[in-house]
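First comes the structure, then the notes that go with it.
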Amino acid sequence: MKHTIAAILGIAALGFAASAASADTLDDVKAKGFIQCGVNTGLAGFSAPDDKGEWTGLDVDFCRAVAAAVFGDGSKVKFTPLSAKDRFTALQSGEIDILSRNTTWTVNRDTALGLNFAGVTYFDGQGFMINAAKLPGVNSALQLSGASVCVQAGTTTELNLADYFKANNLEYNPVVFEKIEEVNAAYDSGRCDAYTTDQSGLYAIRLTLASPADHVVLPEIISKEPLGPAVRQGDDKWFDIVKWTYFALLNAEELGITKANVEEMKNSANPEIKRILGTEAETKIGTDLGLANDWVVNIVKTTGNYGEIFENNVGAGSPLKISRGINALWTKGGLQYGMPIR
Amino acid sequence: MTAQDVNRAGESSRTSLIYDPRVRSIFFQVLLILLLVFGIWWIVDNTIENLRRSNISTGFGFLRGRAGFDISVSLIPYSSDSTYGRAILVGLVNTLVVAVTGIITATILGFLVGVARLSRNWLLRQIATVYVEVFRNIPPLLVIFFWYLGVLSILPAPRDSIELPMGSYLNSRGFYFPRFIWEQGAWLVFAGFVVGLALTWFVARRARARQMATGQQFPVLWTGLGLIFGFPLLGFALAGFPLTLEFPVAGTFNLTGGVNVSPEFLSLYLALSFYTAAFIAEIVRAGILGVSGGQSEAAAALGLRPGKVLRLVIIPQALRIIIPPLTSQYLNLTKNSSLAVAIGYPDLYAIGGTILNQTGQAIEIVVIFMVIYLSISLLTSLFMNWFNARIALKER
């Protein structure tokens, strides 16, 4: 309800504000002194408050990295938890500056919704989870004919689900909720036979269920879900900053620059490292972006490189233990490819 | 003296344009309208300008696009290939279904509880009081969650369904009952029903006329029931029992076949009915208390039994007090049905929200919401006002 009201206020803001979405987000952000970042209301590994009330996760760390690039201080960011339904309105109306909320990059969102996706921080795909203790013998999504499937409203997941069952001539009964917490509760109580969302999400949600060991994620991946941060269209400067923050994280990993060694690396003689860390003489890379020249140093000091963010939040260093898979760097057989910083 | 008076009147008419109350009132009304028009123009213009600047597409053309998502409960044909417009229609039908069933149940329950509140039976009176106080003082959303999470979600899984009579089942996926499949000749049954209804209406008219003329009564209720059920049964037999029942049977995941009433609908329907019934009970009680005690005493003195006193003397007079606030309760129930979104019943608001997110057409969807809810409410009010005028005291 609260978020619905927020959404409606957001719409009202479009009507009342003389200029709802200012064309220069960077100036606005600098003036107010922090970045407003839209995140998920609670998805372990991506964005969820920890036991101290601090936001943690891959999506959260990305916003911290942008804050570090802009202010040299990763703590200058405030988080707005958003439901799937309210996220785009919040960004369009200027309530948030970045939407970093496991959001799939699609052409419709890029065009009709007036968004710009800055990159893909996590390559995902949609899968199914079932309670194997209650449904022994089900080991493929193709056996789900006649099942009740829990899904979150207004997601690409909901659309892929309809397409998949239609394409395979299977019957199903969608059980749709607006909030992820409601979907989780309904699935856990046995209202549905299967839960569908991005596979990373399934692993994260499994941890929160009453008996995680009973639940298995089925092998089928039924869609491409490139998840990434989005900004408003029409502000190229801000778009560039968010986009290059993402590439900087990838390049830092590729060059072996980590949170621990970034200070030593500043003395490196490697021209590529000098260029990215802004220690090259007369460098203009940072200032051309509208940032300080040591922007990458600040980013890596705050969150570490992309690999570190991944391992800490969803990889080996986290309870989720998701392998890098296609999210490995291109040099290691994955899809993550940082455009050259030069 | 007269001259002075004339003089004064002349003076005031000369000085007055500013002080003339009529001119002033017109001036302020024109000013208000101008401000209002300007305000609306400013908001609309700003919105269009901002939408254009944010590169968001506008217009209602998206309603013809393919929806692409499925809806679990739909009384009209719908698939993921249908349009967004159709999806909104499905949501509207679902809203109307829960509103109408809720209003009927809430009214019956509310009348019973309201009358029970005034009963001479101590226990009945106390139970009714507790009911009203409990449900009237809890937010409707909590009542919905009470039914959804507290009652229906703890029912057994489909495998261990509770078996009810007549091939019906109850489990955590809802209530299942056999589906009626009519075969050739079924029209005779419906024809019988129509004939029964028509005859009942005719009998009731004749009986009333006879009672007016002679004072003799005729058992209209029993005759009517006999006609309304007898004729369809006759038609049923004549057509050679053209009906098969499709019973729900256990499938891999759910019961298949039969009709399924989802727990989302059940909890919303029960919650809205129980919640609104508490308010209706109080309105009914107030209405009955508003009829002076002399009326029931007079009716008793004429020899009417208590049941008839209530039915023939008290309720008709109480209705005049009851109907106007009852209308508000009906409107409240309809609007509260949008709380369905919390438990995933695909009503207008929930489906509209999904479309809003898939298309990003926030303003258009909110406008559609407002227009539809406003229309439903105005139509309800219109009907209730007509009904109110019909039963209003006729002054001769």
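Residue numbering restarts at 1 for every chain of the structure tokens, chains are lettered A, B, ... in their displayed order, and ligands are numbered from 1 as they appear.
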Exercise answer, chain A residues close to chain B, 6 Å and only C-alpha atoms, as a PyMOL selection string: chain A and resi 14-16+85+112-114+147+153-154+159+162+173-174+176-177
Keeping only C-alpha atoms, write those residues as a CSV table (one decimal), in the first residue's frame.
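The file below, part.csv, is the result:
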chain,number,residue,atom,x,y,z
A,14,LEU,CA,5.0,14.3,-13.0
A,15,GLY,CA,2.0,16.6,-13.1
A,16,PHE,CA,2.9,19.2,-10.5
A,85,LYS,CA,5.4,-2.6,-9.8
A,112,ALA,CA,8.4,3.0,-24.2
A,113,LEU,CA,9.3,3.4,-20.5
A,114,GLY,CA,12.0,6.0,-21.2
A,147,ALA,CA,0.7,-27.1,-11.4
A,153,ALA,CA,3.2,-9.4,-10.6
A,154,GLY,CA,4.5,-7.1,-13.3
A,159,LEU,CA,5.4,-13.0,-19.2
A,162,ALA,CA,3.0,-17.6,-19.9
A,173,ASN,CA,-2.5,-21.9,-12.7
A,174,PRO,CA,-0.7,-18.7,-12.0
A,176,VAL,CA,0.3,-13.8,-8.6
A,177,PHE,CA,1.3,-11.5,-5.8
Non-local contacts of Leu89 in chain B (12 Å; only C-alpha atoms; under 2 positions in same chain excluded) as a PyMOL selection string: chain B and resi 63+71+74-78+82-87+91-96+346-349+351-352+368-369+372
Which of range 145-201 of chain B fall in helix (DSSP H, G or I), as a PyMOL selection string: chain B and resi 145-152+158-160+187-201
All residues 7 Å or closer to Trp238 in chain A, only C-alpha atoms, same chain fewer than 3 positions away omitted, as a PyMOL selection string: chain A and resi 25-26+235+241-242
Residue set, range 43-252 of chain B restricted to strand (DSSP E or B), as a PyMOL selection string: chain B and resi 66+83+162-164+168-171+174-177+179-182+243-246+249-250
Would you pick out the contacts of Leu255 in chain A at 10 Å or less, using only C-alpha atoms, so that residues sharing its chain but fewer than 2 positions from it are not included, and give the list as a PDB file with C-alpha atoms, in the first residue's frame?
ATOM      1  CA  LEU A 250      35.131  -5.028 -14.737  1.00  0.00           C
ATOM      2  CA  ASN A 251      38.425  -3.532 -15.891  1.00  0.00           C
ATOM      3  CA  ALA A 252      39.688  -3.396 -12.320  1.00  0.00           C
ATOM      4  CA  GLU A 253      39.059  -7.103 -11.997  1.00  0.00           C
ATOM      5  CA  ILE A 257      43.176  -4.294  -8.969  1.00  0.00           C
ATOM      6  CA  THR A 258      41.491  -5.225  -5.696  1.00  0.00           C
ATOM      7  CA  MET A 265      48.725  -0.373  -7.647  1.00  0.00           C
ATOM      8  CA  ASN A 270      51.838  -0.579 -16.187  1.00  0.00           C
ATOM      9  CA  GLU A 272      46.980   0.515 -18.512  1.00  0.00           C
ATOM     10  CA  ILE A 273      46.761   0.486 -14.720  1.00  0.00           C
ATOM     11  CA  ILE A 276      42.548   3.535 -15.188  1.00  0.00           C
ATOM     12  CA  ASN A 305      36.254  -4.858  -8.198  1.00  0.00           C
TER      13      ASN A 305
END
Close residues, Arg87 in chain A itself excluded, 9 Å, only C-alpha atoms, min 6 positions apart in chain, as a PyMOL selection string: (chain A and resi 7+38-40+81+99+101) or (chain B and resi 357)
Nearest to Pro219 in chain A, chosen from A:Gln233, A:Ser268, A:Ser189, A:Asn139, with only C-alpha atoms counted in the distances: A:Asn139
Selected residue, from A:Cys150, A:Ala118, A:Phe165, A:Thr245, that lies nearest to Glu182 in chain A when counting only C-alpha atoms: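 Nearest candidate to Glu182 in chain A out of A:Cys150, A:Ala118, A:Phe165, A:Thr245: A:Cys150.
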Proximity check range 16-58 of chain A to range 74-79 of chain A, 9 Å, nearest pairs one decimal Å, only C-alpha atoms, as JSON lines:
{"residue": "A:Gly33", "atom": "CA", "partner": "A:Lys76", "partner_atom": "CA", "distance": 6.9}
{"residue": "A:Phe34", "atom": "CA", "partner": "A:Lys76", "partner_atom": "CA", "distance": 4.7}
{"residue": "A:Ile35", "atom": "CA", "partner": "A:Val77", "partner_atom": "CA", "distance": 4.6}
{"residue": "A:Gln36", "atom": "CA", "partner": "A:Lys78", "partner_atom": "CA", "distance": 4.9}
{"residue": "A:Cys37", "atom": "CA", "partner": "A:Phe79", "partner_atom": "CA", "distance": 4.9}
{"residue": "A:Gly38", "atom": "CA", "partner": "A:Phe79", "partner_atom": "CA", "distance": 5.8}
{"residue": "A:Val39", "atom": "CA", "partner": "A:Phe79", "partner_atom": "CA", "distance": 6.5}
{"residue": "A:Trp55", "atom": "CA", "partner": "A:Phe79", "partner_atom": "CA", "distance": 7.8}
Would you output that residue set with N, CA and C atoms, as a short mmCIF file (atom, residue, chain, number, x, y, z; two decimals), in the first residue's frame?
data_model
loop_
_atom_site.label_atom_id
_atom_site.label_comp_id
_atom_site.auth_asym_id
_atom_site.auth_seq_id
_atom_site.Cartn_x
_atom_site.Cartn_y
_atom_site.Cartn_z
N GLY A 33 23.92 16.06 -2.18
CA GLY A 33 24.97 15.42 -1.39
C GLY A 33 24.89 13.91 -1.28
N PHE A 34 23.94 13.29 -1.97
CA PHE A 34 23.88 11.82 -1.96
C PHE A 34 23.14 11.34 -3.20
N ILE A 35 23.28 10.03 -3.48
CA ILE A 35 22.56 9.43 -4.60
C ILE A 35 21.38 8.66 -4.03
N GLN A 36 20.22 8.82 -4.66
CA GLN A 36 19.05 8.05 -4.23
C GLN A 36 18.96 6.83 -5.13
N CYS A 37 19.05 5.64 -4.53
CA CYS A 37 19.16 4.42 -5.32
C CYS A 37 17.96 3.51 -5.04
N GLY A 38 17.24 3.10 -6.08
CA GLY A 38 16.10 2.19 -5.92
C GLY A 38 16.57 0.75 -5.92
N VAL A 39 16.22 0.01 -4.86
CA VAL A 39 16.65 -1.39 -4.74
C VAL A 39 15.46 -2.29 -4.44
N TRP A 55 22.03 -1.85 4.21
CA TRP A 55 21.70 -2.54 2.96
C TRP A 55 22.94 -3.26 2.43
#
